[in-house]
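Peer 1: The structure file data_14.cif (mmCIF, C-alpha atoms) is provided below.
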```
data_model
loop_
_atom_site.label_atom_id
_atom_site.label_comp_id
_atom_site.auth_asym_id
_atom_site.auth_seq_id
_atom_site.Cartn_x
_atom_site.Cartn_y
_atom_site.Cartn_z
CA MET A 1 98.99 86.22 62.13
CA THR A 2 101.58 88.60 60.72
CA ARG A 3 104.20 90.25 62.88
CA ARG A 4 102.47 93.62 62.37
CA ARG A 5 99.17 92.25 63.64
CA LEU A 6 100.88 90.66 66.60
CA LEU A 7 102.48 93.97 67.49
CA LEU A 8 99.17 95.79 67.15
CA ALA A 9 97.41 93.22 69.31
CA ALA A 10 100.14 93.43 71.94
CA GLY A 11 99.96 97.22 71.88
CA GLY A 12 96.20 97.12 72.31
CA LEU A 13 96.53 94.77 75.25
CA VAL A 14 99.08 97.03 76.92
CA LEU A 15 96.78 100.02 76.41
CA LEU A 16 93.82 98.12 77.85
CA VAL A 17 95.80 97.11 80.94
CA ALA A 18 97.03 100.68 81.35
CA LEU A 19 93.45 101.97 81.26
CA VAL A 20 92.02 99.29 83.55
CA VAL A 21 94.77 99.61 86.14
CA GLY A 22 95.95 103.17 85.65
CA GLY A 23 92.53 104.78 85.55
CA PRO A 24 91.39 103.67 89.01
CA ASN A 25 94.75 104.51 90.55
CA LEU A 26 94.63 108.00 89.04
CA TRP A 27 91.07 108.39 90.39
CA VAL A 28 92.20 107.43 93.90
CA ALA A 29 95.12 109.85 93.80
CA ARG A 30 92.99 112.75 92.58
CA SER A 31 90.03 112.05 94.87
CA SER A 32 92.18 111.87 97.98
CA SER A 33 94.32 114.89 97.15
CA GLY A 34 93.89 117.57 99.81
CA HIS A 35 92.26 115.20 102.28
CA LEU A 36 95.30 113.48 103.83
CA TYR A 37 96.58 114.83 107.13
CA THR A 38 98.54 114.08 110.26
CA ALA A 39 96.76 113.65 113.59
CA GLN A 40 97.90 117.14 114.56
CA ASP A 41 96.53 119.03 111.56
CA VAL A 42 93.46 117.04 110.50
CA PRO A 43 90.22 119.08 110.60
CA ARG A 44 87.81 118.27 113.38
CA HIS A 45 85.05 115.77 112.58
CA PRO A 46 82.43 114.25 114.88
CA VAL A 47 83.47 110.67 114.12
CA ALA A 48 86.66 108.73 113.50
CA ILE A 49 86.32 105.54 111.47
CA VAL A 50 88.99 102.92 112.14
CA LEU A 51 89.14 100.05 109.67
CA GLY A 52 90.09 96.56 110.77
CA ALA A 53 93.50 95.08 110.01
CA GLY A 54 93.46 91.60 111.50
CA LEU A 55 93.94 90.01 114.89
CA ALA A 56 96.88 88.25 116.51
CA PRO A 57 96.50 84.58 117.45
CA ASP A 58 95.51 85.61 121.00
CA GLY A 59 92.64 87.72 119.67
CA SER A 60 94.27 91.10 120.26
CA PRO A 61 94.69 93.67 117.47
CA SER A 62 97.56 93.07 115.06
CA PRO A 63 100.48 95.54 115.17
CA PHE A 64 99.09 97.36 112.13
CA LEU A 65 95.68 97.63 113.76
CA GLN A 66 97.19 98.80 117.04
CA ALA A 67 98.87 101.64 115.16
CA ARG A 68 95.52 102.72 113.72
CA LEU A 69 93.83 102.56 117.10
CA ASP A 70 96.61 104.57 118.73
CA ILE A 71 95.87 107.37 116.27
CA ALA A 72 92.14 107.18 117.04
CA ALA A 73 92.83 107.40 120.77
CA GLU A 74 95.01 110.46 120.15
CA LEU A 75 92.24 112.09 118.11
CA VAL A 76 89.83 111.60 121.01
CA ARG A 77 92.31 112.97 123.56
CA GLU A 78 92.97 116.02 121.40
CA ASP A 79 89.22 116.61 120.87
CA LYS A 80 89.60 116.13 117.12
CA VAL A 81 86.73 113.59 117.20
CA GLU A 82 83.97 112.76 119.67
CA VAL A 83 83.11 109.16 118.74
CA VAL A 84 85.06 106.27 117.21
CA LEU A 85 83.36 103.84 114.84
CA VAL A 86 85.43 100.64 114.71
CA SER A 87 84.63 98.67 111.59
CA GLY A 88 85.86 95.13 111.12
CA ASP A 89 85.19 91.47 110.57
CA ASN A 90 83.19 89.31 112.97
CA ARG A 91 83.27 86.19 110.83
CA SER A 92 82.81 83.85 113.79
CA HIS A 93 82.44 83.82 117.56
CA ASP A 94 86.21 83.31 117.81
CA TYR A 95 87.12 86.12 115.40
CA ASP A 96 85.76 89.48 116.48
CA GLU A 97 87.74 92.46 115.26
CA PRO A 98 85.36 95.22 116.43
CA SER A 99 85.23 94.01 120.04
CA ALA A 100 89.01 93.67 120.17
CA MET A 101 89.34 97.17 118.75
CA ARG A 102 86.95 98.60 121.35
CA ASP A 103 88.76 96.88 124.21
CA TYR A 104 92.11 98.23 123.00
CA LEU A 105 90.75 101.78 122.89
CA VAL A 106 89.14 101.49 126.32
CA ASP A 107 92.43 100.21 127.76
CA ARG A 108 94.01 103.41 126.45
CA GLY A 109 91.57 105.74 128.12
CA VAL A 110 88.80 106.12 125.55
CA ASP A 111 85.36 106.14 127.17
CA ARG A 112 83.57 102.90 126.28
CA ASP A 113 80.42 104.88 125.50
CA ARG A 114 82.29 106.71 122.76
CA VAL A 115 83.14 103.55 120.81
CA VAL A 116 80.59 102.16 118.35
CA LEU A 117 81.03 98.74 116.74
CA ASP A 118 80.38 97.85 113.10
CA TYR A 119 80.54 94.07 112.84
CA ALA A 120 80.21 93.91 109.04
CA GLY A 121 83.04 96.10 107.78
CA LEU A 122 84.39 93.36 105.55
CA ASP A 123 86.32 95.71 103.28
CA SER A 124 86.86 99.42 102.74
CA TYR A 125 83.85 99.84 100.46
CA ASP A 126 81.55 98.06 102.91
CA THR A 127 82.82 100.24 105.76
CA CYS A 128 82.18 103.48 103.87
CA VAL A 129 78.71 102.50 102.69
CA ARG A 130 77.66 101.17 106.08
CA ALA A 131 79.01 104.24 107.88
CA LYS A 132 76.80 106.46 105.72
CA ARG A 133 73.69 104.33 105.26
CA VAL A 134 73.53 102.24 108.43
CA PHE A 135 75.24 104.42 111.03
CA GLN A 136 74.16 107.75 109.50
CA VAL A 137 77.64 109.31 109.78
CA SER A 138 77.60 112.82 108.31
CA SER A 139 81.37 113.35 108.06
CA ALA A 140 84.41 111.59 109.47
CA THR A 141 88.13 111.16 109.82
CA VAL A 142 89.17 107.76 108.51
CA VAL A 143 92.21 106.09 110.03
CA SER A 144 94.37 103.40 108.48
CA GLN A 145 97.93 102.97 107.20
CA GLY A 146 99.34 105.69 105.00
CA TYR A 147 99.28 103.62 101.84
CA HIS A 148 95.63 102.62 102.42
CA VAL A 149 93.89 105.87 103.34
CA PRO A 150 93.86 107.38 99.81
CA ARG A 151 91.61 104.52 98.67
CA VAL A 152 89.34 104.84 101.69
CA VAL A 153 88.98 108.57 101.12
CA ALA A 154 88.20 108.07 97.42
CA VAL A 155 85.59 105.41 98.11
CA CYS A 156 83.89 107.20 101.02
CA ARG A 157 83.64 110.46 99.13
CA ALA A 158 82.35 108.63 96.03
CA VAL A 159 79.47 107.13 98.02
CA GLY A 160 78.56 110.49 99.50
CA LEU A 161 80.40 110.47 102.82
CA PRO A 162 82.70 113.51 103.25
CA VAL A 163 85.91 112.36 104.94
CA ASP A 164 89.46 113.38 105.63
CA ALA A 165 92.11 110.90 106.68
CA VAL A 166 95.05 110.28 108.96
CA GLY A 167 97.47 107.63 107.81
CA ASP A 168 99.77 105.73 110.13
CA GLU A 169 103.43 105.65 109.12
CA THR A 170 104.89 103.93 112.18
CA ALA A 171 104.15 100.47 110.74
CA ARG A 172 106.83 101.09 108.13
CA ARG A 173 109.13 99.31 110.59
CA TRP A 174 107.43 96.08 109.49
CA GLY A 175 109.17 96.50 106.15
CA GLY A 176 108.08 93.42 104.21
CA THR A 177 104.46 93.60 105.31
CA TRP A 178 104.33 97.33 104.63
CA SER A 179 105.76 96.87 101.12
CA ALA A 180 103.32 94.08 100.36
CA GLY A 181 100.45 96.28 101.48
CA ARG A 182 101.55 99.11 99.24
CA GLN A 183 101.80 96.77 96.28
CA ARG A 184 98.33 95.33 96.90
CA GLU A 185 96.84 98.81 96.68
CA VAL A 186 97.41 98.91 92.91
CA LEU A 187 94.85 96.15 92.28
CA ALA A 188 92.73 97.03 95.33
CA ASN A 189 92.12 100.42 93.72
CA VAL A 190 90.77 98.65 90.63
CA LYS A 191 88.31 96.68 92.76
CA ALA A 192 87.32 99.84 94.63
CA ALA A 193 86.54 101.62 91.37
CA ALA A 194 84.45 98.65 90.22
CA ASP A 195 82.51 98.68 93.50
CA VAL A 196 81.81 102.40 93.18
CA ILE A 197 80.75 102.10 89.54
CA THR A 198 78.44 99.14 90.13
CA ARG A 199 77.14 100.52 93.46
CA ARG A 200 77.47 97.10 95.00
CA ASP A 201 75.33 96.71 98.11
CA PRO A 202 77.20 95.32 101.12
CA VAL A 203 75.42 93.70 104.05
CA LEU A 204 73.23 96.56 105.28
CA GLY A 205 70.30 95.89 107.59
CA PRO A 206 68.31 98.55 109.45
CA VAL A 207 69.65 101.94 110.49
CA GLU A 208 71.61 101.65 113.74
CA PRO A 209 71.50 104.59 116.18
CA GLY A 210 74.82 103.79 117.84
CA VAL A 211 76.78 106.74 116.46
CA THR A 212 73.96 109.23 116.95
CA ASP A 213 73.40 108.07 120.51
CA ALA A 214 77.12 108.14 121.31
CA LEU A 215 77.41 111.69 119.98
CA GLU A 216 74.50 112.80 122.15
CA ARG A 217 76.11 111.24 125.23
CA ALA A 218 79.49 112.82 124.41
CA ARG A 219 77.86 116.25 124.17
CA ASP A 220 75.83 116.03 127.41
#
```
Could you render the structure from this file as structure tokens?
Peer 2:
Amino acid sequence: MTRRRLLLAAGGLVLLVALVVGGPNLWVARSSSGHLYTAQDVPRHPVAIVLGAGLAPDGSPSPFLQARLDIAAELVREDKVEVVLVSGDNRSHDYDEPSAMRDYLVDRGVDRDRVVLDYAGLDSYDTCVRAKRVFQVSSATVVSQGYHVPRVVAVCRAVGLPVDAVGDETARRWGGTWSAGRQREVLANVKAAADVITRRDPVLGPVEPGVTDALERARD
């Protein structure tokens, strides 16, 4: 192969990578624009959705997850949301993110009846689809770390769930972990775009009335 052909091939590969990686990241940025807030200025929604972020060895929420849950508890206290849907991984009897998330919120004054558990929120796409199709959420405030919420907003809105978001920034103090999370988002956005395009079905099951029932109790 001549040098010219090698250069053309290399240029084509660079362009392909730019489209495959750059396109989804541009989509996330544009889709989330205007929907990212602080806990103080986020519009009111009936439901907050908190995404899982791992457990400590003792089964309690990780520091990153605690930061998300602290925001959700604040949103409840400030009457910005009525119900919290905690969505995480329950891969085994010994690993139960949603229950740990609920217990953390209850310990911080959130009424147990206002917390609904999604045991199959295995990733952001699954959480968004299940919130809409299984839990029948009509609109929500999603809560995660600041670098993560743009992707969640883009995915949720793409599957027909209107959301705004509050992103935690306090976990920046965990510098290395925070930086690694930000870097992972570049490729995670590519996967998210693929999920949205293919309309991948997560684990679904029947409609669950938990959120609807919790909202009715909160409004009594």
Peer 1: Record the distance separating CA of Ser31 (chain A) and CA of Gln145 (chain A), expressed in Å with one decimal.
Peer 2: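 Taking CA of Ser31 (chain A) as the start and CA of Gln145 (chain A) as the end point, the length is 17.2 Å.
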Peer 1: Which residues fall under the PyMOL selection byres ((chain A and resi 188-205) around 8) in this file, as a ChimeraX atom specification?
Peer 2: /A:20-21,24-25,28,120,125-126,129-130,133-134,151,155,158-159,184-187,206-207
Peer 1: Pull out every residue that the PyMOL selection byres ((chain A and resi 77-89) around 6) matches in the shown coordinates and put them as a list in words.
Peer 2: Arg44, His45, Pro46, Val47, Ala48, Ile49, Val50, Leu51, Gly52, Glu74, Leu75, Val76, Asn90, Arg91, Glu97, Pro98, Arg114, Val115, Val116, Leu117, Asp118, Tyr119, Ala120, Gly121 and Leu122 of chain A
Peer 1: With C-alpha atoms retained, could you export that selection as a PDB file, in the frame of the given file?
Peer 2:
```pdb
ATOM      1  CA  ARG A  44      87.810 118.270 113.380  1.00  0.00           C
ATOM      2  CA  HIS A  45      85.050 115.770 112.580  1.00  0.00           C
ATOM      3  CA  PRO A  46      82.430 114.250 114.880  1.00  0.00           C
ATOM      4  CA  VAL A  47      83.470 110.670 114.120  1.00  0.00           C
ATOM      5  CA  ALA A  48      86.660 108.730 113.500  1.00  0.00           C
ATOM      6  CA  ILE A  49      86.320 105.540 111.470  1.00  0.00           C
ATOM      7  CA  VAL A  50      88.990 102.920 112.140  1.00  0.00           C
ATOM      8  CA  LEU A  51      89.140 100.050 109.670  1.00  0.00           C
ATOM      9  CA  GLY A  52      90.090  96.560 110.770  1.00  0.00           C
ATOM     10  CA  GLU A  74      95.010 110.460 120.150  1.00  0.00           C
ATOM     11  CA  LEU A  75      92.240 112.090 118.110  1.00  0.00           C
ATOM     12  CA  VAL A  76      89.830 111.600 121.010  1.00  0.00           C
ATOM     13  CA  ASN A  90      83.190  89.310 112.970  1.00  0.00           C
ATOM     14  CA  ARG A  91      83.270  86.190 110.830  1.00  0.00           C
ATOM     15  CA  GLU A  97      87.740  92.460 115.260  1.00  0.00           C
ATOM     16  CA  PRO A  98      85.360  95.220 116.430  1.00  0.00           C
ATOM     17  CA  ARG A 114      82.290 106.710 122.760  1.00  0.00           C
ATOM     18  CA  VAL A 115      83.140 103.550 120.810  1.00  0.00           C
ATOM     19  CA  VAL A 116      80.590 102.160 118.350  1.00  0.00           C
ATOM     20  CA  LEU A 117      81.030  98.740 116.740  1.00  0.00           C
ATOM     21  CA  ASP A 118      80.380  97.850 113.100  1.00  0.00           C
ATOM     22  CA  TYR A 119      80.540  94.070 112.840  1.00  0.00           C
ATOM     23  CA  ALA A 120      80.210  93.910 109.040  1.00  0.00           C
ATOM     24  CA  GLY A 121      83.040  96.100 107.780  1.00  0.00           C
ATOM     25  CA  LEU A 122      84.390  93.360 105.550  1.00  0.00           C
TER      26      LEU A 122
END
```
Peer 1: What does the structure give for the distance between CA of Val142 (chain A) and CA of Ala100 (chain A), in Å to one decimal?
Peer 2: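 A separation of 18.3 Å between them.
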Peer 1: What gap, in Å, lies between CA of Asp58 (chain A) and CA of Arg102 (chain A)?
Peer 2: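 The value is 15.6 Å.
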